[in-house]
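These notes concern the structure reproduced below.
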Amino acid sequence: MSFCDEVKKRFIRLSRGQRKVAQFVIDNPHIVATHIASEVGKIIGVSESTVIRFCYAMDLSGYSELQERLRKDLSESNKVMTKEETISVGKKHEYLFSEVMNRDVTSILNTIQYVDADHFQKAINYLHEAEEIYTLGFRQCSPSTSYLTSMLESLGKKTTQIQFNVEDIVKQMKKMDKNSLLFVIALDSVLEDILTIAKIAKNKKVKIIAITNSTVSPVRDYADVSFVVGTQKQFAFEVNTAANSIVHALVEGMILLNRNYFKNFSNLNTPLERDLHFLEEETAPVK
């Protein structure tokens with residue numbers, strides 16, 4: 001039995017703080033195996049002593065033994081994976097498209113069960129009422145952040161995507177106020193920059209919506225509303241589809257709050273085909 005399986009069996013007997021550590025160990029064994037106890041505690045949002053007490057609750061001598069157990073499990077897991085990959089070498093991936101798409105479907109279905117209806121309604125109200133929306137998501141989260149930004153801009157919402165450079169971060173943070181909304185997408189290891197931005201925004205009374213792929217993500221401590229997407233063992237790029245799906249649902253909900261406005265706005269935006277047709281007529285040679 002792997003150590004994570006042991007944790008699952010004892011989960012209900014752990015204290016509230018220890019359960020946070022337990023869930024993080026199950027979801028992120030690589031991080032725990034390669035980071036010291038104080039760093040792991042900081043990521044989770046608990047004290048170093050809570051991490052150590054979790055080790056004792058699991059009948060371990062301390063944090064070092066926890067890391068040894070996880071490294072052993074990860075090593076054995078990699079051996080099994082290597083064996084499976086060797087067997088599959090040379091096979092045609094005729095059904096790769098169905099494997100990937102079914103994985104996306106599973107990710108979305110797992111997301112649905114975590115969505116709270118009241119939180120969802122609260123989030124679409126924030127989107128609708130915000131005078132200016134700032135979107136935040138770096139590295140592998142950038143595609144979903146760009147998708148969100150594009151959708152909101154197409155509906156006439158004043159939206160700014162914060163770029164991953166100090167000058168832009170400082171510039172946008174200065175502009176935020178209590179009428180602003182910060183929409184954070186954090187699906188991979190949370191950068192200190194993201195936590196700093198979220199903390200400053202919270203102090204400025206900015207409303208914050210967050211999408212994460214973990215129930216213990218530190219970003220959730222600053223969010224007014226948060227959503228968990230996908231399964232917690234997936235990489236960021238694997239849950240982007242689920243993140244995009246909930247973004248789509250939130251925007252659709254926002255539209256329903258004022259359907260006539262958004263319909264009229266859409267009518268004001270002439271389709272590209274009409275623009276090209278008009279340009280063609282303007283540039284046509286005079287007969």
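Ordering of the structure tokens sets the chain letters (A, B, ...), residue numbers begin anew at 1 in every chain, and ligands are numbered from 1 in the order given.
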
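Within 6 Å of Thr212 of chain A, once only C-alpha atoms are used and residues closer than 2 positions along the same chain are dropped, the contacting residues are A:Ala186, A:Leu187, A:Ser214, A:Val228.
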
Please produce an output containing N, CA, C and O atoms for each residue in the selection, written as a PDB file, in the first residue's frame.
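Result saved to result-v9.pdb:
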ATOM      1  N   ALA A 186      -5.319  30.233 -11.244  1.00  0.00           N
ATOM      2  CA  ALA A 186      -4.073  29.670 -10.724  1.00  0.00           C
ATOM      3  C   ALA A 186      -4.182  28.144 -10.709  1.00  0.00           C
ATOM      4  O   ALA A 186      -4.715  27.558  -9.778  1.00  0.00           O
ATOM      5  N   LEU A 187      -3.691  27.520 -11.764  1.00  0.00           N
ATOM      6  CA  LEU A 187      -3.832  26.075 -11.933  1.00  0.00           C
ATOM      7  C   LEU A 187      -2.528  25.314 -11.738  1.00  0.00           C
ATOM      8  O   LEU A 187      -2.507  24.095 -11.831  1.00  0.00           O
ATOM      9  N   SER A 214      -6.989  23.082  -6.761  1.00  0.00           N
ATOM     10  CA  SER A 214      -6.752  22.459  -5.459  1.00  0.00           C
ATOM     11  C   SER A 214      -7.595  23.131  -4.384  1.00  0.00           C
ATOM     12  O   SER A 214      -7.716  24.355  -4.359  1.00  0.00           O
ATOM     13  N   VAL A 228     -12.971  25.186  -7.857  1.00  0.00           N
ATOM     14  CA  VAL A 228     -11.939  24.170  -8.077  1.00  0.00           C
ATOM     15  C   VAL A 228     -12.284  23.442  -9.371  1.00  0.00           C
ATOM     16  O   VAL A 228     -13.411  22.985  -9.543  1.00  0.00           O
TER      17      VAL A 228
END

Enumerate as a VMD selection string all residues of segment 30-254 of chain A assigned to strand (DSSP E or B) by DSSP on the backbone, naming them with the chain letters and numbers the document uses. chain A and resid 132 to 136 159 to 161 180 to 186 207 to 212 225 to 228

What's around Arg10 of chain A at 12 Å? Count only C-alpha atoms, leave out sequence neighbours fewer than 4 positions away in its own chain, and write the answer as a count of residues only. 14

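In this comparison, which uses only C-alpha atoms, the residue of A:Tyr56, A:Phe24, A:Phe138, A:Phe227 approaching Ile194 of chain A most closely is A:Phe138.
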
Close residues, Ile246 of chain A itself excluded, 9 Å, only C-alpha atoms, min 4 positions apart in chain, as a list in words: Ile108, Thr111, Ile112, Ile211, Phe227, Val229, Thr241, Ala242, Leu250 and Val251 of chain A

Given only C-alpha atoms as the basis, pick out the residue of A:Leu181, A:Val239, A:Leu70, A:Leu257 nearest to Thr106 of chain A. A:Val239

Find the residues around Tyr134 of chain A up to 9 Å (only C-alpha atoms counted), leave out those fewer than 5 positions away in its own chain, and share them as a PDB file with N, CA and C atoms, in the first residue's frame.
ATOM      1  N   THR A 149     -10.367  37.012 -20.836  1.00  0.00           N
ATOM      2  CA  THR A 149     -10.225  38.423 -21.208  1.00  0.00           C
ATOM      3  C   THR A 149     -10.923  38.705 -22.530  1.00  0.00           C
ATOM      4  N   LYS A 158     -14.926  46.483 -19.582  1.00  0.00           N
ATOM      5  CA  LYS A 158     -13.586  47.061 -19.539  1.00  0.00           C
ATOM      6  C   LYS A 158     -12.674  46.072 -18.816  1.00  0.00           C
ATOM      7  N   THR A 159     -11.808  45.416 -19.564  1.00  0.00           N
ATOM      8  CA  THR A 159     -11.020  44.309 -19.028  1.00  0.00           C
ATOM      9  C   THR A 159      -9.540  44.476 -19.348  1.00  0.00           C
ATOM     10  N   THR A 160      -8.683  44.219 -18.361  1.00  0.00           N
ATOM     11  CA  THR A 160      -7.233  44.310 -18.542  1.00  0.00           C
ATOM     12  C   THR A 160      -6.573  43.023 -18.059  1.00  0.00           C
ATOM     13  N   GLN A 161      -5.790  42.415 -18.923  1.00  0.00           N
ATOM     14  CA  GLN A 161      -5.042  41.226 -18.538  1.00  0.00           C
ATOM     15  C   GLN A 161      -3.681  41.654 -18.018  1.00  0.00           C
ATOM     16  N   ILE A 162      -3.391  41.353 -16.776  1.00  0.00           N
ATOM     17  CA  ILE A 162      -2.125  41.750 -16.156  1.00  0.00           C
ATOM     18  C   ILE A 162      -0.987  40.906 -16.728  1.00  0.00           C
ATOM     19  N   GLN A 172      -1.091  48.336 -12.971  1.00  0.00           N
ATOM     20  CA  GLN A 172      -2.480  47.892 -12.842  1.00  0.00           C
ATOM     21  C   GLN A 172      -2.937  47.885 -11.382  1.00  0.00           C
ATOM     22  N   MET A 176      -6.491  49.813  -9.424  1.00  0.00           N
ATOM     23  CA  MET A 176      -7.578  49.055  -8.799  1.00  0.00           C
ATOM     24  C   MET A 176      -8.201  49.818  -7.634  1.00  0.00           C
ATOM     25  N   SER A 180     -13.492  47.609  -8.587  1.00  0.00           N
ATOM     26  CA  SER A 180     -12.802  46.710  -9.519  1.00  0.00           C
ATOM     27  C   SER A 180     -13.018  45.252  -9.125  1.00  0.00           C
ATOM     28  N   LEU A 181     -12.739  44.387 -10.077  1.00  0.00           N
ATOM     29  CA  LEU A 181     -12.798  42.950  -9.847  1.00  0.00           C
ATOM     30  C   LEU A 181     -11.508  42.327 -10.349  1.00  0.00           C
ATOM     31  N   LEU A 182     -10.884  41.491  -9.538  1.00  0.00           N
ATOM     32  CA  LEU A 182      -9.702  40.739  -9.944  1.00  0.00           C
ATOM     33  C   LEU A 182     -10.102  39.282 -10.132  1.00  0.00           C
ATOM     34  N   PHE A 183      -9.886  38.760 -11.336  1.00  0.00           N
ATOM     35  CA  PHE A 183     -10.225  37.368 -11.650  1.00  0.00           C
ATOM     36  C   PHE A 183      -8.917  36.601 -11.799  1.00  0.00           C
ATOM     37  N   VAL A 184      -8.630  35.729 -10.837  1.00  0.00           N
ATOM     38  CA  VAL A 184      -7.371  34.986 -10.810  1.00  0.00           C
ATOM     39  C   VAL A 184      -7.577  33.556 -11.288  1.00  0.00           C
TER      40      VAL A 184
END

Name all residues at most 8 Å from segment 200-205 of chain A (count only C-alpha atoms; drop same-chain ones fewer than 2 positions away) and give them as a VMD selection string. chain A and resid 173 176 to 178 182 196 to 198 207 to 208 222

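Closest approach to Arg259 of chain A from the set A:Val166, A:Ala117, A:Leu155, A:Val46 is made by A:Leu155, with distances taken over only C-alpha atoms.
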
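Comparing the minimum interatomic distances between Asn165 of chain A and each of A:Cys141, A:Lys72, A:Ser38, A:Asp193, counting only C-alpha atoms, we find that A:Asp193 sits nearest.
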
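Near Leu109 of chain A, within 9 Å and counting only C-alpha atoms, sit Asp104, Val105, Gln113, Gly230 and Ala242 of chain A, not including residues fewer than 4 positions from it in the same chain.
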
Filtering to C-alpha atoms, could you give me those residues as an mmCIF file, in the first residue's frame?
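File selection-v8.cif, as written:
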data_model
loop_
_atom_site.group_PDB
_atom_site.id
_atom_site.type_symbol
_atom_site.label_atom_id
_atom_site.label_comp_id
_atom_site.auth_asym_id
_atom_site.auth_seq_id
_atom_site.Cartn_x
_atom_site.Cartn_y
_atom_site.Cartn_z
ATOM 1 C CA ASP A 104 -11.395 16.649 -20.925
ATOM 2 C CA VAL A 105 -14.975 15.475 -20.379
ATOM 3 C CA GLN A 113 -19.557 18.500 -8.540
ATOM 4 C CA GLY A 230 -10.560 19.280 -12.874
ATOM 5 C CA ALA A 242 -12.379 22.686 -17.425
#

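Among the candidates A:Val247, A:Leu74, A:Val51, A:Val170, the one nearest to Tyr147 of chain A when counting only C-alpha atoms is A:Val247.
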
Considering only alpha helix (DSSP H) as DSSP defines it on the backbone, what residues of segment 6-153 of chain A qualify? List them as number ranges by chain. A: 6-10, 16-27, 29-34, 37-44, 48-57, 63-88, 96-112, 117-129, 142-153
